[in-house]
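Have a look at protein.txt below; it lists compact mmCIF, C-alpha atoms.
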```txt
# COMPACT_ATOMS: atom_id res chain seq x y z
CA MET M 1 -168.46 -6.26 -28.71
CA ASN M 2 -170.48 -9.03 -30.34
CA LEU M 3 -173.84 -7.55 -31.42
CA PRO M 4 -176.56 -9.36 -33.36
CA VAL M 5 -176.47 -8.48 -37.07
CA ILE M 6 -179.91 -6.84 -37.01
CA ILE M 7 -178.83 -4.47 -34.21
CA LEU M 8 -175.68 -3.58 -36.18
CA GLU M 9 -177.93 -2.82 -39.18
CA LEU M 10 -180.16 -0.63 -37.00
CA LEU M 11 -177.17 1.31 -35.65
CA LYS M 12 -175.86 1.89 -39.18
CA ALA M 13 -179.27 3.08 -40.37
CA GLN M 14 -179.45 5.51 -37.43
CA ALA M 15 -175.92 6.79 -38.07
CA ASP M 16 -176.90 7.41 -41.72
CA PHE M 17 -180.29 8.93 -40.75
CA ASP M 18 -181.83 6.36 -43.11
CA SER M 19 -185.37 5.86 -41.82
CA LYS M 20 -186.28 3.34 -44.52
CA ALA M 21 -183.33 1.08 -43.67
CA TYR M 22 -184.10 1.62 -39.96
CA SER M 23 -187.71 0.45 -40.38
CA GLU M 24 -186.63 -2.58 -42.41
CA CYS M 25 -184.92 -3.93 -39.28
CA PHE M 26 -188.34 -4.54 -37.72
CA SER M 27 -190.86 -7.37 -38.14
CA ASP M 28 -194.29 -6.67 -39.63
CA THR M 29 -195.85 -6.78 -36.14
CA ALA M 30 -193.08 -4.90 -34.32
CA LEU M 31 -193.76 -2.37 -31.58
CA VAL M 32 -191.53 0.56 -30.56
CA TYR M 33 -192.08 2.24 -27.19
CA ASP M 34 -190.51 5.70 -26.90
CA GLU M 35 -191.42 8.91 -25.08
CA ASN M 36 -194.76 7.46 -23.86
CA GLU M 37 -195.83 6.56 -27.40
CA ILE M 38 -196.22 3.22 -29.19
CA HIS M 39 -195.37 2.86 -32.88
CA LYS M 40 -196.70 -0.27 -34.63
CA GLY M 41 -195.23 -1.90 -37.71
CA PRO M 42 -192.51 -0.75 -40.11
CA ASP M 43 -194.51 2.13 -41.66
CA GLU M 44 -195.26 3.83 -38.33
CA ILE M 45 -191.72 3.11 -37.14
CA MET M 46 -190.29 4.74 -40.29
CA LYS M 47 -192.44 7.88 -39.79
CA TRP M 48 -191.45 8.06 -36.11
CA ASN M 49 -187.76 7.69 -36.98
CA GLU M 50 -188.01 10.37 -39.71
CA LYS M 51 -189.59 12.74 -37.19
CA THR M 52 -187.05 12.09 -34.44
CA ASN M 53 -184.14 12.33 -36.90
CA LYS M 54 -185.37 15.73 -38.02
CA MET M 55 -186.03 16.96 -34.47
CA TYR M 56 -183.07 15.50 -32.58
CA GLN M 57 -180.38 14.35 -35.06
CA THR M 58 -179.53 11.56 -32.63
CA GLN M 59 -176.16 9.84 -32.89
CA LEU M 60 -175.47 6.76 -30.78
CA GLU M 61 -172.24 5.50 -29.25
CA VAL M 62 -172.43 1.91 -28.01
CA LEU M 63 -171.35 1.55 -24.38
CA GLU M 64 -172.48 -1.95 -23.41
CA PHE M 65 -174.53 -4.91 -24.59
CA ALA M 66 -176.15 -7.59 -22.44
CA THR M 67 -178.60 -10.43 -22.99
CA SER M 68 -181.15 -11.46 -20.37
CA ASN M 69 -183.66 -14.23 -21.17
CA THR M 70 -185.42 -12.98 -24.34
CA THR M 71 -184.34 -9.34 -24.03
CA ASN M 72 -181.17 -7.78 -25.41
CA ILE M 73 -180.16 -4.52 -23.74
CA LEU M 74 -177.98 -2.08 -25.64
CA THR M 75 -176.65 0.82 -23.56
CA THR M 76 -175.65 3.86 -25.59
CA LYS M 77 -174.58 7.46 -25.20
CA GLY M 78 -176.99 9.49 -27.29
CA THR M 79 -176.05 12.93 -28.53
CA GLY M 80 -178.13 15.32 -30.57
CA THR M 81 -180.07 18.54 -30.56
CA PHE M 82 -182.31 17.56 -27.64
CA GLU M 83 -182.28 19.01 -24.13
CA GLY M 84 -179.92 17.14 -21.81
CA SER M 85 -177.61 15.89 -24.58
CA PRO M 86 -175.64 13.74 -24.15
CA ILE M 87 -177.74 11.16 -22.33
CA VAL M 88 -177.40 7.46 -21.59
CA LEU M 89 -180.14 5.54 -23.41
CA LYS M 90 -181.03 1.89 -23.02
CA TYR M 91 -182.50 0.01 -25.96
CA HIS M 92 -184.43 -3.09 -24.84
CA PHE M 93 -184.78 -5.38 -27.87
CA GLU M 94 -186.76 -8.54 -28.39
CA LEU M 95 -185.67 -10.32 -31.55
CA LYS M 96 -187.62 -12.85 -33.61
CA ASP M 97 -186.62 -14.60 -36.83
CA GLY M 98 -183.71 -12.22 -37.46
CA LYS M 99 -185.79 -9.06 -37.04
CA ILE M 100 -186.60 -6.71 -34.15
CA ASN M 101 -190.03 -7.58 -32.77
CA SER M 102 -190.05 -5.12 -29.89
CA LEU M 103 -187.97 -2.10 -28.87
CA LYS M 104 -188.37 -0.05 -25.73
CA ILE M 105 -186.12 2.99 -25.30
CA THR M 106 -185.46 4.25 -21.77
CA ALA M 107 -183.20 6.86 -20.25
```

Mind turning this structure into structure tokens?
Amino acid sequence: MNLPVIILELLKAQADFDSKAYSECFSDTALVYDENEIHKGPDEIMKWNEKTNKMYQTQLEVLEFATSNTTNILTTKGTGTFEGSPIVLKYHFELKDGKINSLKITA
């Protein structure tokens, strides 16, 4: 599967539970939408990722990747310590200048 480099970096950071490396994948104005919350910019994204790593210990297995207009959709199987694990999660990315500018996570 041919994934953009920045998405590969994000997946590695998640696999390593490295919230700093995870947040560095995002632009300065990036937005993350997850569980009815919005996280703005790398600092908030890092804190959100630290919290979810601690709570859920999420590991992702890539199932599919598709590109549609300006959105890249990564379909994964997410496993962790959350209710309903494993679950299929879709990561809707908008990329800009080699960074993630927007990410919306849906089940």

Give as an NGL selection string each residue that has an atom at most 9 Å from (-179.7, 16.8, -29.2) in the file, counting only C-alpha atoms. :M and (55-59 or 78-86)

Residues within 7 Å of Lys90 (chain M), only C-alpha atoms, excluding chain neighbours under 6 positions, as a list in words: Ile73, Leu74, Thr75, Thr76, Ile105, Thr106 and Ala107 of chain M

Mind giving me the straight-line distance from CA of Asp28 (chain M) to CA of Lys99 (chain M) in Å, one decimal? 9.2 Å

What lies within 10 Å of Leu31 (chain M) using only C-alpha atoms, ignoring chain neighbours under 2 positions off, as a PDB file with C-alpha atoms, in the coordinates of the input?
```
ATOM      1  CA  PHE M  26    -188.340  -4.540 -37.720  1.00  0.00           C
ATOM      2  CA  SER M  27    -190.860  -7.370 -38.140  1.00  0.00           C
ATOM      3  CA  ASP M  28    -194.290  -6.670 -39.630  1.00  0.00           C
ATOM      4  CA  THR M  29    -195.850  -6.780 -36.140  1.00  0.00           C
ATOM      5  CA  TYR M  33    -192.080   2.240 -27.190  1.00  0.00           C
ATOM      6  CA  ASP M  34    -190.510   5.700 -26.900  1.00  0.00           C
ATOM      7  CA  ILE M  38    -196.220   3.220 -29.190  1.00  0.00           C
ATOM      8  CA  HIS M  39    -195.370   2.860 -32.880  1.00  0.00           C
ATOM      9  CA  LYS M  40    -196.700  -0.270 -34.630  1.00  0.00           C
ATOM     10  CA  GLY M  41    -195.230  -1.900 -37.710  1.00  0.00           C
ATOM     11  CA  PRO M  42    -192.510  -0.750 -40.110  1.00  0.00           C
ATOM     12  CA  GLU M  44    -195.260   3.830 -38.330  1.00  0.00           C
ATOM     13  CA  ILE M  45    -191.720   3.110 -37.140  1.00  0.00           C
ATOM     14  CA  GLU M  94    -186.760  -8.540 -28.390  1.00  0.00           C
ATOM     15  CA  ILE M 100    -186.600  -6.710 -34.150  1.00  0.00           C
ATOM     16  CA  ASN M 101    -190.030  -7.580 -32.770  1.00  0.00           C
ATOM     17  CA  SER M 102    -190.050  -5.120 -29.890  1.00  0.00           C
ATOM     18  CA  LEU M 103    -187.970  -2.100 -28.870  1.00  0.00           C
ATOM     19  CA  LYS M 104    -188.370  -0.050 -25.730  1.00  0.00           C
TER      20      LYS M 104
END
```

Separation of CA of Lys96 (chain M) and CA of Lys77 (chain M), in Å?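 Between these atoms lies a distance of 25.6 Å.
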
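Distances to Met1 (chain M) were evaluated for M:Ala13, M:Asn49, M:Ala66, M:Tyr22 using all atoms listed in the file, and the minimum falls at M:Ala66.
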
Which is closest to Glu24 (chain M) among M:Leu10, M:Leu89, M:Leu95, M:Val5, if we use all atoms listed in the file?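 Among M:Leu10, M:Leu89, M:Leu95, M:Val5, it is M:Leu10 that comes nearest to Glu24 (chain M).
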
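The two atoms in question, CA of Ala30 (chain M) and CA of Asp97 (chain M), are spaced 11.9 Å apart.
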